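One structure is given here, and the rest of the page talks about it.
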Amino acid sequence: MFEQMAKKPAVWLSGDGSDSQVVLSSRVRLARNIANSPFPSRADADKRESILSFVKNAVKKSTDLSRGTLVNCSQLDDLDRSFLVERHLVSLEFTQLRDSSALLIGEDEKVSVMINEEDHLRIQALASGLEIKEASQMANHIDEELSKSLEFAFDPTFGYLTSCPTNTGTGMRASVLIHLPGLALTGEIEKVISQISKLGLVVRGFYGEGSDVWGNLFQVSNQTTLGRSEEDIAESLERVTRQIIEYEENARKRLFSEAEDQIEDKIWRAYGILKYARALTSEEVLNMLSAIRLGIGMGVLDRMSLSGVNEILALTQPAHLQKYFKKRMEPNERDRVRAELVRSKLEE
Amino acid sequence: MLCQDCRKREATVHLTQEINNQKVVLNLCKECAEKRGFRNPIEGVPFPLAEFLASMLSQAQVKKPGRESEVACSACGMSFSDFTKTGRLGCGNCYLTFKNQLNDLLRKVHGSTQHRGKFPHTTRDVMKPLWEQSKLQEELRKAIQDEDFERAAQIRDQIKVLASKK
């Protein structure tokens, strides 16, 4: 499954949208549950099946989702699941689910819905660049459409009721995936992260909770969901993100005024490694692409485009690579094949 | 300045809260602030969130031992102690069953216990006054943010009218 999808990065990695040199993508996720039904973790298989069929019926009536693809968890093997995580379509928690859970992928992957994960529905919308409002509108539209045929668990005081009280209220988690090499190189990143944290936002590495930060990619998202409107959440994330972009740009300027030669060298070495290496790990590719993305942003390197960088970023992830070449591979073989794929992409 | 609660330690936590247009200023020491449930949400927070939540839950439980934790949700059968183990509630009705304990927790996690976002449209007719009030609150926030105080005053009046109808 997904071999065709693995040939191309998702539309939301197109490298356009505002501030896309620093912000890769914007995401909005809404948690919803069907009224008068136990949440998935407390529902037996029959209940979960009936939730699934309610949602399927509602999807048929939705203009945004009816042309999407529904994949049932029972159809997915481990590699498929990893692929969906790399694709940013499902959570790590989703990979542990078995029967009566499903994923609905919208036509161009910009919108998707996880069914019977932690909550009955997790609606997701993704947009390229700093476009939180756009993502928010897409998610909101799906929510409105689905709520015409589904009654959501809701209370005027607690808002949308969710399995975990950390999501209740709006059920909304907005986030941006942001590239901060300037702040990482100047060592100011820790300071910025602690500042962001004071503003009620959470910062994580690219791979989500509890992982190392690879390729200077960070995810910034709202921590609270209750007591603020959806608009307020989106606006404050956007405001803080603009502030971070400004810090990042200042850090880059300082780097170039103080150590232009070293930075240029770092960028071109990264390009050289990608162009000629015979074995590349995922981590190495991410780190090299980070330098190249910086090079494009600073006008040092013009042989690659942002969309080209994003393409390599997406396609060289472990599960993507195995789907791309349609075979399961051990890490050693993957490193060799990954280098091959990167070289061929740089020849194009 | 001494802490207004214990009147022993120096007040290092200064909080200004606005509740229903009434300003409340609190000057507390760190210990008393924590007793009241105010703490820097970030300082010393263990991540990931689940752990954070679990630590808050255990505090909530210490505060409310005994009978309350044995009440079970009439819809799904979950007890509050089940919840403290998993961090997940069983169904929407759990929110009403454990309202008191959850209010404590929600205030700590979100700094609020009142929803300010959208209403699903199936409920918009039934809950019309609440929905309108919620929308007006949001407009008020925006007017204040834009420093349009004339508009803010108008909205505040509208909210008052709406509240008096209840």
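In the structure tokens, the first chain shown is A, the next is B, and so on; residue numbers restart at 1 for each chain, and ligands run from 1 in the order shown.
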**Request:** Can you check which residues of segment 21-106 of chain A DSSP gives as strand (DSSP E) on the backbone and send them as number ranges by chain?
**Result:** A: 23-32, 69-72, 102-105
Identify, on the basis of only C-alpha atoms, every residue whose closest approach to Glu188 of chain A does not exceed 10 Å; exclude the query and any residue fewer than 5 positions from it along the same chain; express the result as a PDB file with C-alpha atoms, in the first residue's frame.
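Wrote it out as result-v3.pdb, contents follow:
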```pdb
ATOM      1  CA  GLY A 182      20.530  30.428  12.709  1.00  0.00           C
ATOM      2  CA  LEU A 183      19.372  30.223  16.293  1.00  0.00           C
ATOM      3  CA  ILE A 193      12.558  27.905  23.481  1.00  0.00           C
ATOM      4  CA  TYR A 247      14.889  36.244  15.820  1.00  0.00           C
ATOM      5  CA  GLU A 248      15.986  33.647  13.287  1.00  0.00           C
ATOM      6  CA  ALA A 251      20.693  35.378  14.029  1.00  0.00           C
TER       7      ALA A 251
END
```
**Asked** Which is closest to Ala277 of chain A among A:Glu249, A:Glu340, A:Glu330, A:Glu264, if we use only C-alpha atoms?
**Response** A:Glu340
**Message:** Which residues are close to Ser134 of chain B, i.e. within 12 Å by only C-alpha atoms, leaving aside same-chain residues fewer than 4 positions away? Reply as a VMD selection string.
**Reply:** (chain A and resid 156 to 157 159 227 to 229) or (chain B and resid 114 to 119 124 127 to 130 138 to 141 155 158 to 159 162 to 163)
With C-alpha atoms retained, could you export that selection as a PDB file, in the first residue's frame?
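Listing of again24.pdb after writing:
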```pdb
ATOM      1  CA  PRO A 156     -21.316  24.900  27.149  1.00  0.00           C
ATOM      2  CA  THR A 157     -18.811  25.122  30.030  1.00  0.00           C
ATOM      3  CA  GLY A 159     -16.632  22.906  25.304  1.00  0.00           C
ATOM      4  CA  GLY A 227     -10.785  29.382  27.762  1.00  0.00           C
ATOM      5  CA  ARG A 228      -9.683  30.769  24.404  1.00  0.00           C
ATOM      6  CA  SER A 229     -11.393  30.896  21.049  1.00  0.00           C
TER       7      SER A 229
ATOM      8  CA  GLN B 114     -14.873  28.129  30.742  1.00  0.00           C
ATOM      9  CA  HIS B 115     -15.073  27.296  27.038  1.00  0.00           C
ATOM     10  CA  ARG B 116     -14.712  30.372  24.806  1.00  0.00           C
ATOM     11  CA  GLY B 117     -14.704  28.815  21.371  1.00  0.00           C
ATOM     12  CA  LYS B 118     -17.269  27.699  18.855  1.00  0.00           C
ATOM     13  CA  PHE B 119     -20.430  25.716  19.553  1.00  0.00           C
ATOM     14  CA  ARG B 124     -26.551  26.487  18.749  1.00  0.00           C
ATOM     15  CA  MET B 127     -27.982  26.975  23.784  1.00  0.00           C
ATOM     16  CA  LYS B 128     -28.564  30.223  21.954  1.00  0.00           C
ATOM     17  CA  PRO B 129     -28.088  32.678  24.856  1.00  0.00           C
ATOM     18  CA  LEU B 130     -24.848  30.972  25.933  1.00  0.00           C
ATOM     19  CA  GLU B 138     -14.774  36.868  21.692  1.00  0.00           C
ATOM     20  CA  GLU B 139     -15.692  40.166  19.988  1.00  0.00           C
ATOM     21  CA  LEU B 140     -14.879  41.963  23.204  1.00  0.00           C
ATOM     22  CA  ARG B 141     -11.451  40.349  23.308  1.00  0.00           C
ATOM     23  CA  ILE B 155     -20.139  44.950  23.513  1.00  0.00           C
ATOM     24  CA  GLN B 158     -24.704  43.952  25.146  1.00  0.00           C
ATOM     25  CA  ILE B 159     -23.263  41.237  27.393  1.00  0.00           C
ATOM     26  CA  LEU B 162     -27.930  39.352  27.717  1.00  0.00           C
ATOM     27  CA  ALA B 163     -26.961  38.379  31.267  1.00  0.00           C
TER      28      ALA B 163
END
```
**Request:** Please identify every residue of chain B that has at least one atom no more than 10 Å from any atom of chain A, counting only C-alpha atoms, and report them as a PyMOL selection string.
**Result:** chain B and resi 40-43+47-50+53+75-78+83+86-96+99+102-103+105-107+109-123+127+130-131+134-135+137-138+141-142
